[in-house]
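Asker: Pasting in a structure now, in structure tokens, and then I'll have a few things to ask.
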Amino acid sequence: RIHVITDGQLTGVAAMRDPGTVASAPNGCSTSISGRRRHAPRTSNRSFCRSSLVQQILFVGLTLLLSCSSLHAQEELTLHSIDEIHDLPDEKLHYNVEVELPCVVAIHSQEWPITFIHDGRTGMYVVGVQDPELKPGDQILLRGTVTPGKFVQAESTTRVKNGIRLPEPRVVSYDRLQGRFDDSQYVSITGQIIGVEVDYHHFSIEMVSPEGGRFRGLLSEKLVKISELRKMLGNSVRLHGIVGARVDGAGKFNGFQIWLPDLASIIPIENQTSGLPLSLIADLNQIDRVNPGAGYFRIQGKVDYRLSNQMLLVHDATGSMFVECGKFSVPEIDTTQEFRGVLDTTSRPPILRLAESQPVDVEIPQRETAQTLELSRLVEMS
């Protein structure tokens, strides 16, 4: 064992040697080998040995520091497209991988709040966008980090001219969107408008697809008056917008919705009859679908009975049906009315629900309106 001694003080263990081996030492240092002490020739600078050790320590530390910095630099990653985010390995999702993404705003609502962006090839959901002036069509540079859910946590949005625009919408079916194949994508889907509601600073445009599935479009109340949308009730339209998931209170997927950037994204189907055609009650009673809304219909008939505050029995020249009116649209018995509402075919016989009425001056022949129903069914409908 060799002990390095500087100016007569033991400073530490330097190395392991075989007994009797003589260790070299810097000028001014003495060595002890197997207990025997020898002196190397001294110089006038007694601190040389100490300085040499400090320099060696500093050199090793600096080398390690530079090596770590180089390794860290190799691991740093900045993504520039949505495809790169989708392809990011799961093991890197917890490293706050940075994003600098040229893109266009597809949807932005500060009130909801919700934001979707598109890089010209595909779309993505973004959280944390704070710019209240941002609007669909704005070209931006989005900076942020990738979340464990593989969307972007925004840190800043800078308006730039990057030439990126939304592509033509992808034509899709109800079943495809219900299977979650196109979340956050720009799509075109066809359906009939069967209702207009208000949902948190947005108009909820209730739709039924040609396959009979229910979904909705969402449009900011800043962009349109509800009266303009209600004029479209019963019309078949195409919606061009961004697909968003709907979830229940437990966070489970329970359908989709289409976020609309503007009123022009609601496009009437060509060659359809102007206005909502008049339907016969007998025809509506023949519609057989296993979903809550078979469509939006218009009938004219005479009110025969009121089963409850809002449930009526109405007949025309072809048959009778139950009509459930809204709270502020319940007509009197023995009056002739026009009703517009959503046909619920899960009830047998079908019920025209959410109906609005207005008096009409038409002749409705008298008709036997009694129907044979179980008492429990009457209680259920009332």
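Here's how to read the names in the structure tokens: chain A, B, ... by the order shown, residue numbers from 1 in each chain, ligand numbers from 1 in the order shown.
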Please return as a ChimeraX atom specification: the residues of region 49-195 of chain A that backbone DSSP assigns to strand (DSSP E).

Answerer: /A:78-79,98-109,114-118,123-127,139-146,152-159,170-171,186-195

Asker: Just N, CA and C atoms for this one: save the residues we selected as a short mmCIF file (atom, residue, chain, number, x, y, z; two decimals), in the first residue's frame.

Answerer:
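Saved as out-v5.cif:
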data_model
loop_
_atom_site.label_atom_id
_atom_site.label_comp_id
_atom_site.auth_asym_id
_atom_site.auth_seq_id
_atom_site.Cartn_x
_atom_site.Cartn_y
_atom_site.Cartn_z
N THR A 78 -37.09 17.38 -31.17
CA THR A 78 -38.15 18.33 -31.48
C THR A 78 -38.90 17.81 -32.70
N LEU A 79 -40.24 17.72 -32.56
CA LEU A 79 -41.07 17.16 -33.63
C LEU A 79 -41.70 18.30 -34.44
N GLU A 98 -40.52 18.07 -27.20
CA GLU A 98 -40.96 19.37 -27.68
C GLU A 98 -41.52 19.29 -29.10
N VAL A 99 -42.43 20.22 -29.38
CA VAL A 99 -43.09 20.30 -30.69
C VAL A 99 -42.96 21.73 -31.21
N GLU A 100 -42.54 21.85 -32.47
CA GLU A 100 -42.62 23.11 -33.21
C GLU A 100 -43.33 22.78 -34.51
N LEU A 101 -44.61 23.06 -34.56
CA LEU A 101 -45.47 22.51 -35.61
C LEU A 101 -46.12 23.61 -36.45
N PRO A 102 -45.71 23.77 -37.71
CA PRO A 102 -46.44 24.67 -38.61
C PRO A 102 -47.80 24.04 -38.93
N CYS A 103 -48.88 24.80 -38.78
CA CYS A 103 -50.21 24.21 -38.96
C CYS A 103 -51.23 25.29 -39.20
N VAL A 104 -52.48 24.87 -39.41
CA VAL A 104 -53.60 25.79 -39.55
C VAL A 104 -54.63 25.43 -38.48
N VAL A 105 -55.29 26.45 -37.95
CA VAL A 105 -56.33 26.22 -36.95
C VAL A 105 -57.58 25.69 -37.65
N ALA A 106 -58.03 24.52 -37.23
CA ALA A 106 -59.25 23.95 -37.80
C ALA A 106 -60.48 24.36 -37.00
N ILE A 107 -60.38 24.29 -35.67
CA ILE A 107 -61.46 24.69 -34.76
C ILE A 107 -60.82 25.32 -33.53
N HIS A 108 -61.38 26.45 -33.09
CA HIS A 108 -60.94 27.01 -31.80
C HIS A 108 -62.13 27.69 -31.14
N SER A 109 -62.45 27.24 -29.93
CA SER A 109 -63.51 27.85 -29.14
C SER A 109 -62.98 28.10 -27.74
N ILE A 114 -61.94 24.38 -26.62
CA ILE A 114 -61.47 23.26 -27.42
C ILE A 114 -60.72 23.80 -28.64
N THR A 115 -59.68 23.07 -29.07
CA THR A 115 -58.89 23.47 -30.24
C THR A 115 -58.49 22.22 -31.02
N PHE A 116 -58.65 22.30 -32.34
CA PHE A 116 -58.12 21.29 -33.25
C PHE A 116 -57.25 22.01 -34.29
N ILE A 117 -56.13 21.37 -34.66
CA ILE A 117 -55.26 21.93 -35.68
C ILE A 117 -55.05 20.89 -36.78
N HIS A 118 -54.48 21.34 -37.91
CA HIS A 118 -54.24 20.45 -39.04
C HIS A 118 -52.93 20.88 -39.68
N GLY A 123 -54.98 15.76 -38.76
CA GLY A 123 -55.40 16.67 -37.71
C GLY A 123 -55.09 16.16 -36.33
N MET A 124 -55.18 17.06 -35.33
CA MET A 124 -54.87 16.68 -33.95
C MET A 124 -55.57 17.62 -32.97
N TYR A 125 -55.86 17.10 -31.80
CA TYR A 125 -56.45 17.84 -30.69
C TYR A 125 -55.33 18.53 -29.90
N VAL A 126 -55.58 19.76 -29.45
CA VAL A 126 -54.58 20.54 -28.70
C VAL A 126 -55.24 21.09 -27.44
N VAL A 127 -54.52 21.10 -26.34
CA VAL A 127 -55.02 21.70 -25.10
C VAL A 127 -54.13 22.88 -24.70
N GLN A 139 -53.15 30.60 -39.84
CA GLN A 139 -51.93 29.82 -39.98
C GLN A 139 -50.99 30.19 -38.82
N ILE A 140 -50.48 29.17 -38.13
CA ILE A 140 -49.70 29.42 -36.92
C ILE A 140 -48.50 28.50 -36.85
N LEU A 141 -47.56 28.87 -35.97
CA LEU A 141 -46.50 27.96 -35.52
C LEU A 141 -46.84 27.61 -34.08
N LEU A 142 -47.16 26.35 -33.85
CA LEU A 142 -47.54 25.86 -32.53
C LEU A 142 -46.32 25.30 -31.82
N ARG A 143 -46.04 25.82 -30.63
CA ARG A 143 -44.95 25.29 -29.80
C ARG A 143 -45.56 24.69 -28.53
N GLY A 144 -45.01 23.54 -28.14
CA GLY A 144 -45.52 22.88 -26.94
C GLY A 144 -44.82 21.57 -26.70
N THR A 145 -45.47 20.68 -25.97
CA THR A 145 -44.92 19.37 -25.66
C THR A 145 -45.97 18.30 -25.91
N VAL A 146 -45.48 17.07 -26.15
CA VAL A 146 -46.38 15.94 -26.39
C VAL A 146 -46.85 15.38 -25.04
N VAL A 152 -51.13 17.54 -28.08
CA VAL A 152 -50.16 18.59 -27.78
C VAL A 152 -50.65 19.48 -26.65
N GLN A 153 -49.77 19.72 -25.67
CA GLN A 153 -49.99 20.74 -24.65
C GLN A 153 -49.33 22.01 -25.15
N ALA A 154 -50.14 23.00 -25.51
CA ALA A 154 -49.63 24.21 -26.15
C ALA A 154 -48.91 25.10 -25.15
N GLU A 155 -47.80 25.69 -25.59
CA GLU A 155 -47.10 26.71 -24.83
C GLU A 155 -47.22 28.08 -25.49
N SER A 156 -47.26 28.10 -26.83
CA SER A 156 -47.43 29.37 -27.54
C SER A 156 -47.97 29.10 -28.93
N THR A 157 -48.67 30.09 -29.48
CA THR A 157 -49.14 30.05 -30.86
C THR A 157 -48.75 31.37 -31.52
N THR A 158 -47.95 31.27 -32.57
CA THR A 158 -47.46 32.46 -33.27
C THR A 158 -48.04 32.46 -34.68
N ARG A 159 -48.69 33.55 -35.05
CA ARG A 159 -49.25 33.65 -36.40
C ARG A 159 -48.12 33.81 -37.41
N ARG A 170 -62.81 14.53 -45.92
CA ARG A 170 -62.90 13.09 -46.20
C ARG A 170 -64.36 12.65 -46.04
N VAL A 171 -64.96 12.07 -47.08
CA VAL A 171 -66.34 11.60 -47.02
C VAL A 171 -66.41 10.33 -46.18
N TYR A 186 -60.82 16.10 -40.56
CA TYR A 186 -61.75 16.95 -41.29
C TYR A 186 -62.56 16.07 -42.22
N VAL A 187 -63.89 16.00 -42.00
CA VAL A 187 -64.72 15.03 -42.70
C VAL A 187 -65.97 15.68 -43.26
N SER A 188 -66.67 14.90 -44.10
CA SER A 188 -67.97 15.28 -44.65
C SER A 188 -68.94 14.14 -44.38
N ILE A 189 -70.07 14.45 -43.71
CA ILE A 189 -71.06 13.42 -43.38
C ILE A 189 -72.45 13.97 -43.65
N THR A 190 -73.33 13.09 -44.13
CA THR A 190 -74.69 13.47 -44.53
C THR A 190 -75.70 13.07 -43.46
N GLY A 191 -76.73 13.90 -43.29
CA GLY A 191 -77.80 13.58 -42.38
C GLY A 191 -78.94 14.57 -42.50
N GLN A 192 -80.00 14.31 -41.74
CA GLN A 192 -81.16 15.20 -41.72
C GLN A 192 -81.18 15.94 -40.38
N ILE A 193 -81.43 17.24 -40.44
CA ILE A 193 -81.52 18.05 -39.22
C ILE A 193 -82.86 17.79 -38.56
N ILE A 194 -82.84 17.31 -37.32
CA ILE A 194 -84.08 16.98 -36.62
C ILE A 194 -84.28 17.82 -35.36
N GLY A 195 -83.33 18.67 -35.04
CA GLY A 195 -83.49 19.50 -33.86
C GLY A 195 -82.36 20.51 -33.72
#

Asker: Would you pick out the contacts of Leu312 (chain A) at 7 Å or less, using only C-alpha atoms, so that residues sharing its chain but fewer than 5 positions from it are not included, and give the list as a list in words?

Answerer: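 Everything that qualifies: Val303, Tyr305, Arg306, Leu307, Phe322, Val323 and Glu324 of chain A.
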
Asker: Please produce a file of those selected residues containing N, CA, C and O atoms, as an mmCIF file, in the first residue's frame.

Answerer:
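Below is the file selection_4.cif, written as the result:
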data_model
loop_
_atom_site.group_PDB
_atom_site.id
_atom_site.type_symbol
_atom_site.label_atom_id
_atom_site.label_comp_id
_atom_site.auth_asym_id
_atom_site.auth_seq_id
_atom_site.Cartn_x
_atom_site.Cartn_y
_atom_site.Cartn_z
ATOM 1 N N VAL A 303 -106.591 17.153 -32.961
ATOM 2 C CA VAL A 303 -106.271 16.692 -31.614
ATOM 3 C C VAL A 303 -107.523 16.048 -31.010
ATOM 4 O O VAL A 303 -108.561 16.706 -30.849
ATOM 5 N N TYR A 305 -107.343 13.583 -28.044
ATOM 6 C CA TYR A 305 -107.222 13.375 -26.602
ATOM 7 C C TYR A 305 -105.902 13.950 -26.103
ATOM 8 O O TYR A 305 -104.927 14.060 -26.850
ATOM 9 N N ARG A 306 -105.894 14.270 -24.821
ATOM 10 C CA ARG A 306 -104.650 14.644 -24.137
ATOM 11 C C ARG A 306 -104.415 13.620 -23.036
ATOM 12 O O ARG A 306 -105.162 13.562 -22.062
ATOM 13 N N LEU A 307 -103.353 12.832 -23.193
ATOM 14 C CA LEU A 307 -103.055 11.792 -22.212
ATOM 15 C C LEU A 307 -102.303 12.353 -21.007
ATOM 16 O O LEU A 307 -102.343 11.778 -19.922
ATOM 17 N N PHE A 322 -99.545 9.093 -31.587
ATOM 18 C CA PHE A 322 -99.264 9.900 -30.408
ATOM 19 C C PHE A 322 -98.242 10.978 -30.763
ATOM 20 O O PHE A 322 -97.269 10.710 -31.482
ATOM 21 N N VAL A 323 -98.484 12.168 -30.238
ATOM 22 C CA VAL A 323 -97.597 13.307 -30.464
ATOM 23 C C VAL A 323 -97.227 13.893 -29.107
ATOM 24 O O VAL A 323 -98.111 14.227 -28.305
ATOM 25 N N GLU A 324 -95.921 13.985 -28.852
ATOM 26 C CA GLU A 324 -95.431 14.578 -27.605
ATOM 27 C C GLU A 324 -94.918 15.980 -27.906
ATOM 28 O O GLU A 324 -93.920 16.156 -28.614
#

Asker: If we count only C-alpha atoms, what is near region 86-94 of chain A at a cut-off of 9 Å, once residues fewer than 6 positions away on the same chain are taken out, given as a PyMOL selection string?

Answerer: chain A and resi 146-151

Asker: Which residues of region 260-283 of chain A have any atom within 12 Å of an atom in region 213-229 of chain A when counting only C-alpha atoms, and what is the closest pair of atoms for each, with the distance in Å to one decimal? Order the rows by chain and rising number and write it as a Markdown table.

Answerer:
| residue | atom | partner | partner_atom | distance |
| --- | --- | --- | --- | --- |
| A:Leu260 | CA | A:Leu219 | CA | 5.3 |
| A:Pro261 | CA | A:Leu219 | CA | 6.9 |
| A:Asp262 | CA | A:Leu223 | CA | 6.5 |
| A:Leu263 | CA | A:Val224 | CA | 6.8 |
| A:Ala264 | CA | A:Leu223 | CA | 10.2 |
| A:Ser265 | CA | A:Leu219 | CA | 9.5 |
| A:Ile266 | CA | A:Gly217 | CA | 9.2 |
| A:Ile267 | CA | A:Leu229 | CA | 11.9 |
| A:Pro268 | CA | A:Leu229 | CA | 12.0 |

Asker: Considering only helix (DSSP H, G or I) as DSSP defines it on the backbone, what residues of region 85-266 of chain A qualify? List them as a list in words.

Answerer: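 Helix (DSSP H, G or I) members of region 85-266 of chain A, listed: Ile85, His86, Asp90, Glu91, Lys92, Tyr174, Asp175, Arg176, Leu177, Gln178, Ile226, Ser227, Glu228, Leu229, Arg230, Leu263, Ala264 and Ser265 of chain A.
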
Asker: Would you mind reading off the distance between CA of Ser184 (chain A) and CA of Val243 (chain A), one decimal, in Å?

Answerer: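 Interatomic distance here is 5.0 Å.
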
Asker: Residues within 12 Å of Gly295 (chain A), please, as a PyMOL selection string. Count only C-alpha atoms; anything in the same chain fewer than 3 positions from it doesn't count.

Answerer: chain A and resi 191-195+206-214+233-236+276+279+284+287-289+291-292+298+340-345+350-354

Asker: Grab the CA of Glu332 (chain A) to CA of Asp316 (chain A) distance for me, in Å with one decimal place.

Answerer: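 Atom-to-atom, CA of Glu332 (chain A) and CA of Asp316 (chain A) are spaced 16.1 Å apart.
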
Asker: With only C-alpha atoms as the atoms that count, which of A:Arg367, A:Lys302, A:Arg176, A:His240 lies nearest to Phe339 (chain A)?

Answerer: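 Nearest to Phe339 (chain A): A:Lys302.
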